[in-house]
Protein chains: 2
Amino acid sequence: MQRKRTITSRDVAERAGVSQSAVSRCFSPKASISEKTKNKVLKAAKELGYRPNSIARSLITRSSRTIALVLSHLDNMFYPLVIEKASLRFQAEDYHLLLFVVPEAGDFSGVMERILQSQVDGILMMSASLTSSLARECVDSGIPVVLVNRKVDFDGISQVYSDNYHGGFWVGSYLAMAGHDRVAYLAGLESSSTSRHRYQGLVDGLASLGKQCHAIAHGDYDFEQARAATRQLFTAPPYPDAVFAASDHMAIAVMETLRDDFNLRIPEDVSVIGFDDTPVAAWPSYRLTTVRQPVDQMVEEATTLLLRQIRQGDFRAESRILPVTPILRHSVRSPVREATLD
Amino acid sequence: MQRKRTITSRDVAERAGVSQSAVSRCFSPKASISEKTKNKVLKAAKELGYRPNSIARSLITRSSRTIALVLSHLDNMFYPLVIEKASLRFQAEDYHLLLFVVPEAGDFSGVMERILQSQVDGILMMSASLTSSLARECVDSGIPVVLVNRKVDFDGISQVYSDNYHGGFWVGSYLAMAGHDRVAYLAGLESSSTSRHRYQGLVDGLASLGKQCHAIAHGDYDFEQARAATRQLFTAPPYPDAVFAASDHMAIAVMETLRDDFNLRIPEDVSVIGFDDTPVAAWPSYRLTTVRQPVDQMVEEATTLLLRQIRQGDFRAESRILPVTPILRHSVRSPVREATLD
DNA sequence: GTGAAAGCGCTAACAG
DNA sequence: CTGTTAGCGCTTTCAC
């Protein structure tokens, strides 16, 4: 099988007996062209199997109609969900999605360079390892970027994240009200603002009822590490009587470990709360009480912000804090059971 | 904040006092250029913050260095795993990954057109809904494509998939040997070759020990549909005494449903086997016996095949059937427990 | 080794 | 509405 010569608009023009620009106009939505010529052109195009070369188009329009989606932790179902939603959303706007999966450990410098060179029109940044300085680099190089589920103390940059603090606060007060005295926090990555804010909220929520956080362990958003951290937490007294994990993914790891390694019941022996409300949290085996992040809304807002920056060259940074929703299921022992929102 | 003018190789050339082509050569690995000029150019480039425009490069080299990854069912952890692996692999080869998430239901015609227009150098196709004719369209339009985890009866196209038939066969014989008489199959999508082959294997494996398949239900690779199908399967006697689900994702749904809706124990009351060996199968709550697909190897082979087609214009179609591995855990009742491979 | 020149395939003024 | 013209930023002969 041999490589076919690529068909250009010039070929179509020739065949249709019109100018090359006429052909071009047929494939630009807004250009004005008569029905008659258009039909001739379309006919010739179909016969030749012509398809506009989007690279040439990009070169001249200075727009690749491509967005970079940068993330990690694909094993946490939260992200596949985001990908799915983002894909749909951008597809609807006729943008392509370029995916960058960055290993959370260390080496993202190369990735950064790759992203910058990829000629994307914008970046949706969801990786925790891309810190403030990297975000700034994006802004400096003039490419629109919005941070999703990430916050950075530098206000030249748009960000959308959910109200992690109040999510954590709710957890703290809820657990305190349930009578827990030894609440442990299973943190995500050190570098992650979300994990820190959830912790801060937890501490304050606990404090609002005169309690304090009993212990903190690090799961780094990783399943196995969360299991290890749990074992450590429960290896010597005084044992926690509740664990708040910074993600459902880790919360599940906690539950599995508590049940399997320690033969502990949830919520009778230990209460567990997660964060995200991924589908797995609702599975009968877990019925995990958690804090829902509005994934759809996050993607929606981020997309809107990003697209506005791209289309209108509107570079004002804007932050959106989205409300979270407590989802009451059955992983917390309850003196009082409130209505579930699920 | 205002939009900066883009820096071109011409700007760099001017500043470095060399020709534009000299600059170009500095950024092509194989081009010959003296150390001295190169240093001058690189210095000027850095000062100006120059980055080669990969779109212009693509236009002239006729290569976007981009691969399309087409898939669906991101809620099935198998796919995020594939994405992660593929991303790493292509990154290493200096290719970008364009992601197309196609809704498994119906409407993929638009997607097909979008892919074809995206100027990718190649396609990794993992969506079940893209059938033979669509695959053919890729081949016709001359763009390298390899089907992954998909098989199509048209041998002009490269495909890599695992040995679904023998996986199913193993399940059939294993279940028969465990003494099961009423094995139900929970199928994936009707259009999916993988599901059909697994079924065929199951039937033959059962038959090899003089048994036959007791019932078949359709879960379409979807969690909720798998739950519904399970309820239906167990709603009236004779009840299955084992269920083989075409994916772990569905197998988990089966287990959850059996336990939660029917108060059945696994494996004491019903045996369950899955396919894929996603991480969740190993979680203590499930300890799902399953058939492992070699994800890494699949991606590896597919990538190699695709890259060869791209780089060498080698269009010979080639198929690779990868071996699967039975993973014995505890979701099947066992007169004999063999050594686990996990 | 280096520069000049010729496009890659397309869009966007600009006249007509 | 349509054709002509001029590039987008780069790679790649081709002389020198």
# chains A, B, ... in the order shown; residues from 1 in each chain; ligands from 1

$ residues_around --residues "DC16 in chain D" --least-positions-apart "4" --cutoff "12 Å" --atoms "only C-alpha atoms (C1' of nucleotides)" --output "PyMOL selection string"
chain C and resi 1-4

$ closest_atom_pairs --of "chain B" --to "chain C" --cutoff "8 Å" --atoms "only C-alpha atoms (C1' of nucleotides)" --output "CSV"
residue,atom,partner,partner_atom,distance
B:Ser19,CA,C:DG3,C1',6.1
B:Ser21,CA,C:DG3,C1',7.5
B:Ala22,CA,C:DT2,C1',7.1
B:Ser32,CA,C:DG1,C1',7.3
B:Ile33,CA,C:DG1,C1',6.1
B:Ser34,CA,C:DG1,C1',6.6
B:Leu59,CA,C:DC8,C1',5.4
B:Ile60,CA,C:DC8,C1',4.4
B:Thr61,CA,C:DC8,C1',7.8
B:Arg62,CA,C:DC8,C1',7.9

$ closest_residue --among "B:Gln117, B:Ser271, B:Asn149, B:Ser192" --to "chain A" --atoms "only C-alpha atoms"
B:Gln117

$ closest_atom_pairs --of "chain B" --to "chain A" --cutoff "8 Å" --atoms "only C-alpha atoms" --output "CSV"
residue,atom,partner,partner_atom,distance
B:Met1,CA,A:Phe315,CA,6.5
B:Arg3,CA,A:Gly142,CA,6.7
B:Lys4,CA,A:Gly142,CA,7.0
B:Arg51,CA,A:Gln117,CA,6.7
B:Pro52,CA,A:Gln117,CA,7.3
B:Asn53,CA,A:Gln119,CA,7.2
B:Ser54,CA,A:Ser118,CA,6.8
B:Ile55,CA,A:Leu59,CA,6.0
B:Ala56,CA,A:Leu59,CA,6.1
B:Ser58,CA,A:Ile55,CA,7.1
B:Leu59,CA,A:Ile55,CA,6.0
B:Leu74,CA,A:Pro80,CA,5.9
B:Asp75,CA,A:Pro80,CA,6.9
B:Met77,CA,A:Asp75,CA,7.3
B:Pro80,CA,A:Leu74,CA,5.9
B:Leu81,CA,A:Asp75,CA,7.2
B:Glu84,CA,A:Val101,CA,6.4
B:Ser87,CA,A:Val101,CA,6.3
B:Leu88,CA,A:Val101,CA,7.4
B:His96,CA,A:Leu98,CA,7.0
B:Leu97,CA,A:Leu99,CA,5.6
B:Leu98,CA,A:Leu98,CA,4.6
B:Leu99,CA,A:Leu97,CA,5.6
B:Phe100,CA,A:Ser87,CA,7.0
B:Val101,CA,A:Ser87,CA,6.3
B:Gln117,CA,A:Arg51,CA,6.7
B:Ser118,CA,A:Ser54,CA,6.7
B:Gln119,CA,A:Ser54,CA,6.8
B:Gly142,CA,A:Arg3,CA,6.8
B:Glu256,CA,A:Pro284,CA,6.2
B:Asp260,CA,A:Pro284,CA,6.5
B:Trp283,CA,A:Glu256,CA,7.2
B:Pro284,CA,A:Glu256,CA,6.2
B:Ser285,CA,A:Glu256,CA,6.8
B:Gly313,CA,A:Arg3,CA,7.6
B:Phe315,CA,A:Met1,CA,6.6

$ write_last_selection --atoms "N, CA and C atoms" --output "mmCIF file, in the first residue's frame"
data_model
loop_
_atom_site.group_PDB
_atom_site.id
_atom_site.type_symbol
_atom_site.label_atom_id
_atom_site.label_comp_id
_atom_site.auth_asym_id
_atom_site.auth_seq_id
_atom_site.Cartn_x
_atom_site.Cartn_y
_atom_site.Cartn_z
ATOM 1 N N MET B 1 -2.956 43.380 31.221
ATOM 2 C CA MET B 1 -1.869 42.583 30.612
ATOM 3 C C MET B 1 -2.084 42.414 29.106
ATOM 4 N N ARG B 3 -1.120 41.030 25.203
ATOM 5 C CA ARG B 3 -0.607 39.892 24.446
ATOM 6 C C ARG B 3 0.764 40.230 23.870
ATOM 7 N N LYS B 4 1.698 39.332 24.075
ATOM 8 C CA LYS B 4 3.019 39.605 23.515
ATOM 9 C C LYS B 4 3.098 39.086 22.078
ATOM 10 N N ARG B 51 10.828 29.984 21.458
ATOM 11 C CA ARG B 51 10.485 28.567 21.435
ATOM 12 C C ARG B 51 10.015 28.245 20.026
ATOM 13 N N PRO B 52 10.586 27.237 19.417
ATOM 14 C CA PRO B 52 10.196 26.897 18.041
ATOM 15 C C PRO B 52 8.686 26.671 17.951
ATOM 16 N N ASN B 53 8.101 27.110 16.909
ATOM 17 C CA ASN B 53 6.674 26.912 16.708
ATOM 18 C C ASN B 53 6.441 25.543 16.070
ATOM 19 N N SER B 54 5.910 24.670 16.875
ATOM 20 C CA SER B 54 5.777 23.287 16.403
ATOM 21 C C SER B 54 4.697 23.142 15.335
ATOM 22 N N ILE B 55 3.828 24.110 15.258
ATOM 23 C CA ILE B 55 2.807 24.032 14.214
ATOM 24 C C ILE B 55 3.415 24.265 12.841
ATOM 25 N N ALA B 56 4.250 25.273 12.781
ATOM 26 C CA ALA B 56 4.925 25.541 11.517
ATOM 27 C C ALA B 56 5.789 24.339 11.134
ATOM 28 N N SER B 58 5.269 21.278 11.993
ATOM 29 C CA SER B 58 4.383 20.190 11.562
ATOM 30 C C SER B 58 3.933 20.376 10.127
ATOM 31 N N LEU B 59 3.641 21.616 9.815
ATOM 32 C CA LEU B 59 3.131 21.889 8.473
ATOM 33 C C LEU B 59 4.139 21.446 7.421
ATOM 34 N N LEU B 74 -14.503 5.321 30.754
ATOM 35 C CA LEU B 74 -13.455 5.732 31.678
ATOM 36 C C LEU B 74 -13.775 5.343 33.117
ATOM 37 N N ASP B 75 -14.998 4.970 33.371
ATOM 38 C CA ASP B 75 -15.320 4.564 34.739
ATOM 39 C C ASP B 75 -14.781 3.170 35.037
ATOM 40 N N MET B 77 -11.744 1.187 35.463
ATOM 41 C CA MET B 77 -10.350 1.515 35.761
ATOM 42 C C MET B 77 -9.336 0.970 34.753
ATOM 43 N N PRO B 80 -8.328 4.134 32.441
ATOM 44 C CA PRO B 80 -7.370 5.086 33.012
ATOM 45 C C PRO B 80 -5.963 4.493 33.090
ATOM 46 N N LEU B 81 -5.888 3.227 33.394
ATOM 47 C CA LEU B 81 -4.582 2.570 33.447
ATOM 48 C C LEU B 81 -3.906 2.615 32.083
ATOM 49 N N GLU B 84 -2.692 6.145 31.306
ATOM 50 C CA GLU B 84 -1.479 6.470 32.033
ATOM 51 C C GLU B 84 -0.255 5.868 31.344
ATOM 52 N N SER B 87 0.344 7.386 27.876
ATOM 53 C CA SER B 87 0.873 8.733 28.002
ATOM 54 C C SER B 87 2.376 8.715 28.236
ATOM 55 N N LEU B 88 2.785 7.885 29.154
ATOM 56 C CA LEU B 88 4.207 7.745 29.454
ATOM 57 C C LEU B 88 4.997 7.290 28.238
ATOM 58 N N HIS B 96 2.734 13.564 21.324
ATOM 59 C CA HIS B 96 1.661 14.037 22.192
ATOM 60 C C HIS B 96 0.458 13.123 22.071
ATOM 61 N N LEU B 97 -0.371 13.191 23.088
ATOM 62 C CA LEU B 97 -1.544 12.335 23.103
ATOM 63 C C LEU B 97 -2.810 13.183 23.017
ATOM 64 N N LEU B 98 -3.581 12.939 21.980
ATOM 65 C CA LEU B 98 -4.850 13.636 21.838
ATOM 66 C C LEU B 98 -5.931 12.669 22.283
ATOM 67 N N LEU B 99 -6.774 13.125 23.187
ATOM 68 C CA LEU B 99 -7.728 12.199 23.771
ATOM 69 C C LEU B 99 -9.131 12.375 23.192
ATOM 70 N N PHE B 100 -9.709 11.265 22.789
ATOM 71 C CA PHE B 100 -11.094 11.297 22.334
ATOM 72 C C PHE B 100 -11.904 10.326 23.174
ATOM 73 N N VAL B 101 -12.763 10.859 24.000
ATOM 74 C CA VAL B 101 -13.624 9.996 24.782
ATOM 75 C C VAL B 101 -14.941 9.903 24.034
ATOM 76 N N GLN B 117 -9.798 14.699 10.996
ATOM 77 C CA GLN B 117 -9.355 16.061 10.703
ATOM 78 C C GLN B 117 -8.260 16.553 11.645
ATOM 79 N N SER B 118 -7.988 15.771 12.648
ATOM 80 C CA SER B 118 -7.100 16.291 13.693
ATOM 81 C C SER B 118 -5.619 16.250 13.337
ATOM 82 N N GLN B 119 -5.317 15.712 12.188
ATOM 83 C CA GLN B 119 -3.927 15.675 11.713
ATOM 84 C C GLN B 119 -3.021 14.841 12.600
ATOM 85 N N GLY B 142 -5.542 6.579 4.902
ATOM 86 C CA GLY B 142 -4.093 6.470 4.927
ATOM 87 C C GLY B 142 -3.454 6.770 6.260
ATOM 88 N N GLU B 256 -21.419 -6.799 44.688
ATOM 89 C CA GLU B 256 -22.142 -5.835 45.522
ATOM 90 C C GLU B 256 -23.630 -6.155 45.560
ATOM 91 N N ASP B 260 -25.640 -7.307 48.752
ATOM 92 C CA ASP B 260 -26.514 -6.285 49.308
ATOM 93 C C ASP B 260 -27.990 -6.538 49.053
ATOM 94 N N TRP B 283 -8.700 -5.745 46.125
ATOM 95 C CA TRP B 283 -9.098 -5.181 47.418
ATOM 96 C C TRP B 283 -9.693 -6.288 48.294
ATOM 97 N N PRO B 284 -9.372 -6.238 49.562
ATOM 98 C CA PRO B 284 -9.835 -7.269 50.478
ATOM 99 C C PRO B 284 -11.340 -7.523 50.422
ATOM 100 N N SER B 285 -12.128 -6.523 50.202
ATOM 101 C CA SER B 285 -13.573 -6.707 50.162
ATOM 102 C C SER B 285 -14.007 -7.631 49.040
ATOM 103 N N GLY B 313 6.429 3.931 7.327
ATOM 104 C CA GLY B 313 5.391 3.832 6.320
ATOM 105 C C GLY B 313 5.042 2.378 6.063
ATOM 106 N N PHE B 315 2.866 -0.435 6.213
ATOM 107 C CA PHE B 315 1.433 -0.562 6.376
ATOM 108 C C PHE B 315 0.927 -2.000 6.418
#

$ residues_around --residues "Val203 in chain B" --least-positions-apart "3" --cutoff "7 Å" --atoms "only C-alpha atoms (C1' of nucleotides)" --output "PyMOL selection string"
chain B and resi 172+199-200+206-207+212-213

$ select_by_dssp --residues "range 32-281 of chain B" --states "strand (DSSP E or B)" --output "PDB file with N, CA and C atoms, in the first residue's frame"
ATOM      1  N   THR B  66       1.640  13.695  17.016  1.00  0.00           N
ATOM      2  CA  THR B  66       0.493  13.544  17.909  1.00  0.00           C
ATOM      3  C   THR B  66      -0.241  12.254  17.574  1.00  0.00           C
ATOM      4  N   ILE B  67      -0.636  11.565  18.628  1.00  0.00           N
ATOM      5  CA  ILE B  67      -1.368  10.318  18.464  1.00  0.00           C
ATOM      6  C   ILE B  67      -2.749  10.479  19.078  1.00  0.00           C
ATOM      7  N   ALA B  68      -3.743   9.966  18.405  1.00  0.00           N
ATOM      8  CA  ALA B  68      -5.089  10.016  18.981  1.00  0.00           C
ATOM      9  C   ALA B  68      -5.348   8.738  19.765  1.00  0.00           C
ATOM     10  N   LEU B  69      -5.834   8.925  20.970  1.00  0.00           N
ATOM     11  CA  LEU B  69      -6.235   7.782  21.774  1.00  0.00           C
ATOM     12  C   LEU B  69      -7.753   7.836  21.894  1.00  0.00           C
ATOM     13  N   VAL B  70      -8.390   6.839  21.336  1.00  0.00           N
ATOM     14  CA  VAL B  70      -9.855   6.862  21.291  1.00  0.00           C
ATOM     15  C   VAL B  70     -10.419   5.789  22.207  1.00  0.00           C
ATOM     16  N   LEU B  71     -11.194   6.187  23.162  1.00  0.00           N
ATOM     17  CA  LEU B  71     -11.745   5.189  24.075  1.00  0.00           C
ATOM     18  C   LEU B  71     -13.025   5.633  24.746  1.00  0.00           C
ATOM     19  N   HIS B  96       2.734  13.564  21.324  1.00  0.00           N
ATOM     20  CA  HIS B  96       1.661  14.037  22.192  1.00  0.00           C
ATOM     21  C   HIS B  96       0.458  13.123  22.071  1.00  0.00           C
ATOM     22  N   LEU B  97      -0.371  13.191  23.088  1.00  0.00           N
ATOM     23  CA  LEU B  97      -1.544  12.335  23.103  1.00  0.00           C
ATOM     24  C   LEU B  97      -2.810  13.183  23.017  1.00  0.00           C
ATOM     25  N   LEU B  98      -3.581  12.939  21.980  1.00  0.00           N
ATOM     26  CA  LEU B  98      -4.850  13.636  21.838  1.00  0.00           C
ATOM     27  C   LEU B  98      -5.931  12.669  22.283  1.00  0.00           C
ATOM     28  N   LEU B  99      -6.774  13.125  23.187  1.00  0.00           N
ATOM     29  CA  LEU B  99      -7.728  12.199  23.771  1.00  0.00           C
ATOM     30  C   LEU B  99      -9.131  12.375  23.192  1.00  0.00           C
ATOM     31  N   PHE B 100      -9.709  11.265  22.789  1.00  0.00           N
ATOM     32  CA  PHE B 100     -11.094  11.297  22.334  1.00  0.00           C
ATOM     33  C   PHE B 100     -11.904  10.326  23.174  1.00  0.00           C
ATOM     34  N   VAL B 101     -12.763  10.859  24.000  1.00  0.00           N
ATOM     35  CA  VAL B 101     -13.624   9.996  24.782  1.00  0.00           C
ATOM     36  C   VAL B 101     -14.941   9.903  24.034  1.00  0.00           C
ATOM     37  N   GLY B 122      -1.176   9.104  14.029  1.00  0.00           N
ATOM     38  CA  GLY B 122      -1.648   7.738  14.174  1.00  0.00           C
ATOM     39  C   GLY B 122      -2.773   7.651  15.186  1.00  0.00           C
ATOM     40  N   ILE B 123      -3.434   6.516  15.205  1.00  0.00           N
ATOM     41  CA  ILE B 123      -4.581   6.346  16.096  1.00  0.00           C
ATOM     42  C   ILE B 123      -4.484   5.047  16.877  1.00  0.00           C
ATOM     43  N   LEU B 124      -4.698   5.165  18.154  1.00  0.00           N
ATOM     44  CA  LEU B 124      -4.843   3.991  18.998  1.00  0.00           C
ATOM     45  C   LEU B 124      -6.329   3.894  19.315  1.00  0.00           C
ATOM     46  N   MET B 125      -6.945   2.869  18.798  1.00  0.00           N
ATOM     47  CA  MET B 125      -8.400   2.794  18.886  1.00  0.00           C
ATOM     48  C   MET B 125      -8.839   1.752  19.906  1.00  0.00           C
ATOM     49  N   VAL B 145      -3.325   3.135  12.053  1.00  0.00           N
ATOM     50  CA  VAL B 145      -4.221   2.907  13.186  1.00  0.00           C
ATOM     51  C   VAL B 145      -3.975   1.513  13.717  1.00  0.00           C
ATOM     52  N   VAL B 146      -4.023   1.388  15.018  1.00  0.00           N
ATOM     53  CA  VAL B 146      -4.037   0.040  15.562  1.00  0.00           C
ATOM     54  C   VAL B 146      -5.146  -0.083  16.576  1.00  0.00           C
ATOM     55  N   LEU B 147      -5.851  -1.172  16.451  1.00  0.00           N
ATOM     56  CA  LEU B 147      -6.955  -1.457  17.355  1.00  0.00           C
ATOM     57  C   LEU B 147      -6.396  -2.134  18.599  1.00  0.00           C
ATOM     58  N   VAL B 148      -6.799  -1.635  19.745  1.00  0.00           N
ATOM     59  CA  VAL B 148      -6.325  -2.249  20.975  1.00  0.00           C
ATOM     60  C   VAL B 148      -7.514  -2.814  21.740  1.00  0.00           C
ATOM     61  N   SER B 158      -4.017  -3.420  11.806  1.00  0.00           N
ATOM     62  CA  SER B 158      -3.281  -4.005  12.929  1.00  0.00           C
ATOM     63  C   SER B 158      -4.116  -4.018  14.189  1.00  0.00           C
ATOM     64  N   GLN B 159      -3.966  -5.060  14.960  1.00  0.00           N
ATOM     65  CA  GLN B 159      -4.728  -5.121  16.184  1.00  0.00           C
ATOM     66  C   GLN B 159      -3.938  -5.844  17.260  1.00  0.00           C
ATOM     67  N   VAL B 160      -4.076  -5.383  18.454  1.00  0.00           N
ATOM     68  CA  VAL B 160      -3.512  -6.143  19.562  1.00  0.00           C
ATOM     69  C   VAL B 160      -4.597  -6.312  20.602  1.00  0.00           C
ATOM     70  N   TYR B 161      -4.761  -7.546  20.986  1.00  0.00           N
ATOM     71  CA  TYR B 161      -5.783  -7.847  21.992  1.00  0.00           C
ATOM     72  C   TYR B 161      -5.324  -9.062  22.755  1.00  0.00           C
ATOM     73  N   SER B 162      -5.934  -9.281  23.886  1.00  0.00           N
ATOM     74  CA  SER B 162      -5.462 -10.448  24.613  1.00  0.00           C
ATOM     75  C   SER B 162      -6.308 -11.660  24.258  1.00  0.00           C
ATOM     76  N   VAL B 183     -23.707 -21.808  35.415  1.00  0.00           N
ATOM     77  CA  VAL B 183     -22.847 -20.644  35.248  1.00  0.00           C
ATOM     78  C   VAL B 183     -23.520 -19.618  34.343  1.00  0.00           C
ATOM     79  N   ALA B 184     -23.634 -18.412  34.843  1.00  0.00           N
ATOM     80  CA  ALA B 184     -24.223 -17.340  34.027  1.00  0.00           C
ATOM     81  C   ALA B 184     -23.123 -16.441  33.489  1.00  0.00           C
ATOM     82  N   TYR B 185     -23.329 -15.938  32.303  1.00  0.00           N
ATOM     83  CA  TYR B 185     -22.365 -15.001  31.715  1.00  0.00           C
ATOM     84  C   TYR B 185     -22.970 -13.608  31.713  1.00  0.00           C
ATOM     85  N   LEU B 186     -22.216 -12.671  32.234  1.00  0.00           N
ATOM     86  CA  LEU B 186     -22.656 -11.285  32.198  1.00  0.00           C
ATOM     87  C   LEU B 186     -21.872 -10.596  31.089  1.00  0.00           C
ATOM     88  N   ALA B 187     -22.522 -10.406  29.989  1.00  0.00           N
ATOM     89  CA  ALA B 187     -21.850  -9.914  28.786  1.00  0.00           C
ATOM     90  C   ALA B 187     -21.590  -8.420  28.820  1.00  0.00           C
ATOM     91  N   CYS B 213     -23.515 -23.391  29.392  1.00  0.00           N
ATOM     92  CA  CYS B 213     -23.797 -22.100  30.009  1.00  0.00           C
ATOM     93  C   CYS B 213     -25.271 -22.013  30.374  1.00  0.00           C
ATOM     94  N   HIS B 214     -25.496 -21.592  31.581  1.00  0.00           N
ATOM     95  CA  HIS B 214     -26.846 -21.628  32.127  1.00  0.00           C
ATOM     96  C   HIS B 214     -27.685 -20.412  31.748  1.00  0.00           C
ATOM     97  N   ALA B 215     -27.050 -19.304  31.666  1.00  0.00           N
ATOM     98  CA  ALA B 215     -27.805 -18.092  31.346  1.00  0.00           C
ATOM     99  C   ALA B 215     -26.860 -16.995  30.875  1.00  0.00           C
ATOM    100  N   ILE B 216     -27.408 -16.051  30.190  1.00  0.00           N
ATOM    101  CA  ILE B 216     -26.603 -14.910  29.763  1.00  0.00           C
ATOM    102  C   ILE B 216     -27.401 -13.636  29.997  1.00  0.00           C
ATOM    103  N   ALA B 217     -26.711 -12.624  30.484  1.00  0.00           N
ATOM    104  CA  ALA B 217     -27.368 -11.346  30.741  1.00  0.00           C
ATOM    105  C   ALA B 217     -26.447 -10.250  30.234  1.00  0.00           C
ATOM    106  N   HIS B 218     -26.994  -9.080  30.046  1.00  0.00           N
ATOM    107  CA  HIS B 218     -26.192  -8.020  29.447  1.00  0.00           C
ATOM    108  C   HIS B 218     -25.947  -6.844  30.384  1.00  0.00           C
ATOM    109  N   ALA B 242     -22.905 -19.508  39.723  1.00  0.00           N
ATOM    110  CA  ALA B 242     -21.661 -18.790  39.433  1.00  0.00           C
ATOM    111  C   ALA B 242     -21.936 -17.758  38.350  1.00  0.00           C
ATOM    112  N   VAL B 243     -21.201 -16.664  38.425  1.00  0.00           N
ATOM    113  CA  VAL B 243     -21.345 -15.631  37.399  1.00  0.00           C
ATOM    114  C   VAL B 243     -19.962 -15.260  36.876  1.00  0.00           C
ATOM    115  N   PHE B 244     -19.852 -15.269  35.575  1.00  0.00           N
ATOM    116  CA  PHE B 244     -18.622 -14.796  34.935  1.00  0.00           C
ATOM    117  C   PHE B 244     -18.946 -13.467  34.265  1.00  0.00           C
ATOM    118  N   ALA B 245     -18.320 -12.421  34.745  1.00  0.00           N
ATOM    119  CA  ALA B 245     -18.577 -11.093  34.182  1.00  0.00           C
ATOM    120  C   ALA B 245     -17.460 -10.730  33.216  1.00  0.00           C
ATOM    121  N   SER B 271     -20.274 -18.170  43.086  1.00  0.00           N
ATOM    122  CA  SER B 271     -18.910 -17.816  42.691  1.00  0.00           C
ATOM    123  C   SER B 271     -18.954 -16.698  41.661  1.00  0.00           C
ATOM    124  N   VAL B 272     -17.940 -15.875  41.681  1.00  0.00           N
ATOM    125  CA  VAL B 272     -17.883 -14.778  40.709  1.00  0.00           C
ATOM    126  C   VAL B 272     -16.477 -14.702  40.127  1.00  0.00           C
ATOM    127  N   ILE B 273     -16.413 -14.526  38.832  1.00  0.00           N
ATOM    128  CA  ILE B 273     -15.129 -14.323  38.181  1.00  0.00           C
ATOM    129  C   ILE B 273     -15.223 -13.101  37.268  1.00  0.00           C
ATOM    130  N   ASP B 276      -9.830  -8.741  33.522  1.00  0.00           N
ATOM    131  CA  ASP B 276      -8.995  -7.523  33.466  1.00  0.00           C
ATOM    132  C   ASP B 276      -7.900  -7.545  34.528  1.00  0.00           C
TER     133      ASP B 276
END

$ interface_residues --of "chain D" --to "chain B" --cutoff "8 Å" --atoms "only C-alpha atoms (C1' of nucleotides)" --output "PDB file with N, CA and C atoms (P, O5', C5', C4', C3', O3' and C1' of nucleotides), in the first residue's frame"
ATOM      1  P    DC D   8       4.429  36.847   8.063  1.00  0.00           P
ATOM      2  O5'  DC D   8       3.679  35.654   8.818  1.00  0.00           O
ATOM      3  C5'  DC D   8       2.506  35.858   9.558  1.00  0.00           C
ATOM      4  C4'  DC D   8       2.047  34.520  10.112  1.00  0.00           C
ATOM      5  C3'  DC D   8       3.203  33.666  10.641  1.00  0.00           C
ATOM      6  O3'  DC D   8       3.195  33.746  12.065  1.00  0.00           O
ATOM      7  C1'  DC D   8       1.757  32.404   9.151  1.00  0.00           C
ATOM      8  P    DG D   9       4.450  34.322  12.852  1.00  0.00           P
ATOM      9  O5'  DG D   9       5.435  33.082  12.845  1.00  0.00           O
ATOM     10  C5'  DG D   9       5.090  31.889  13.526  1.00  0.00           C
ATOM     11  C4'  DG D   9       5.976  30.766  13.029  1.00  0.00           C
ATOM     12  C3'  DG D   9       7.482  31.024  13.196  1.00  0.00           C
ATOM     13  O3'  DG D   9       8.009  29.954  13.950  1.00  0.00           O
ATOM     14  C1'  DG D   9       6.978  30.256  11.026  1.00  0.00           C
ATOM     15  P    DC D  10       9.554  29.721  14.178  1.00  0.00           P
ATOM     16  O5'  DC D  10       9.865  28.569  13.134  1.00  0.00           O
ATOM     17  C5'  DC D  10       9.283  27.296  13.365  1.00  0.00           C
ATOM     18  C4'  DC D  10       9.256  26.495  12.093  1.00  0.00           C
ATOM     19  C3'  DC D  10      10.620  25.967  11.682  1.00  0.00           C
ATOM     20  O3'  DC D  10      10.718  24.608  12.120  1.00  0.00           O
ATOM     21  C1'  DC D  10       9.375  26.855   9.827  1.00  0.00           C
ATOM     22  P    DT D  11      12.143  23.883  12.102  1.00  0.00           P
ATOM     23  O5'  DT D  11      12.165  23.289  10.625  1.00  0.00           O
ATOM     24  C5'  DT D  11      11.253  22.251  10.301  1.00  0.00           C
ATOM     25  C4'  DT D  11      11.422  21.864   8.851  1.00  0.00           C
ATOM     26  C3'  DT D  11      12.748  21.189   8.502  1.00  0.00           C
ATOM     27  O3'  DT D  11      12.434  20.145   7.597  1.00  0.00           O
ATOM     28  C1'  DT D  11      12.442  23.066   7.135  1.00  0.00           C
TER      29       DT D  11
END

$ residues_around --residues "His166 in chain A" --least-positions-apart "4" --cutoff "9 Å" --atoms "only C-alpha atoms (C1' of nucleotides)" --output "MDAnalysis selection string"
chainID A and resid 170:171 197:198 201:202 205 323:324
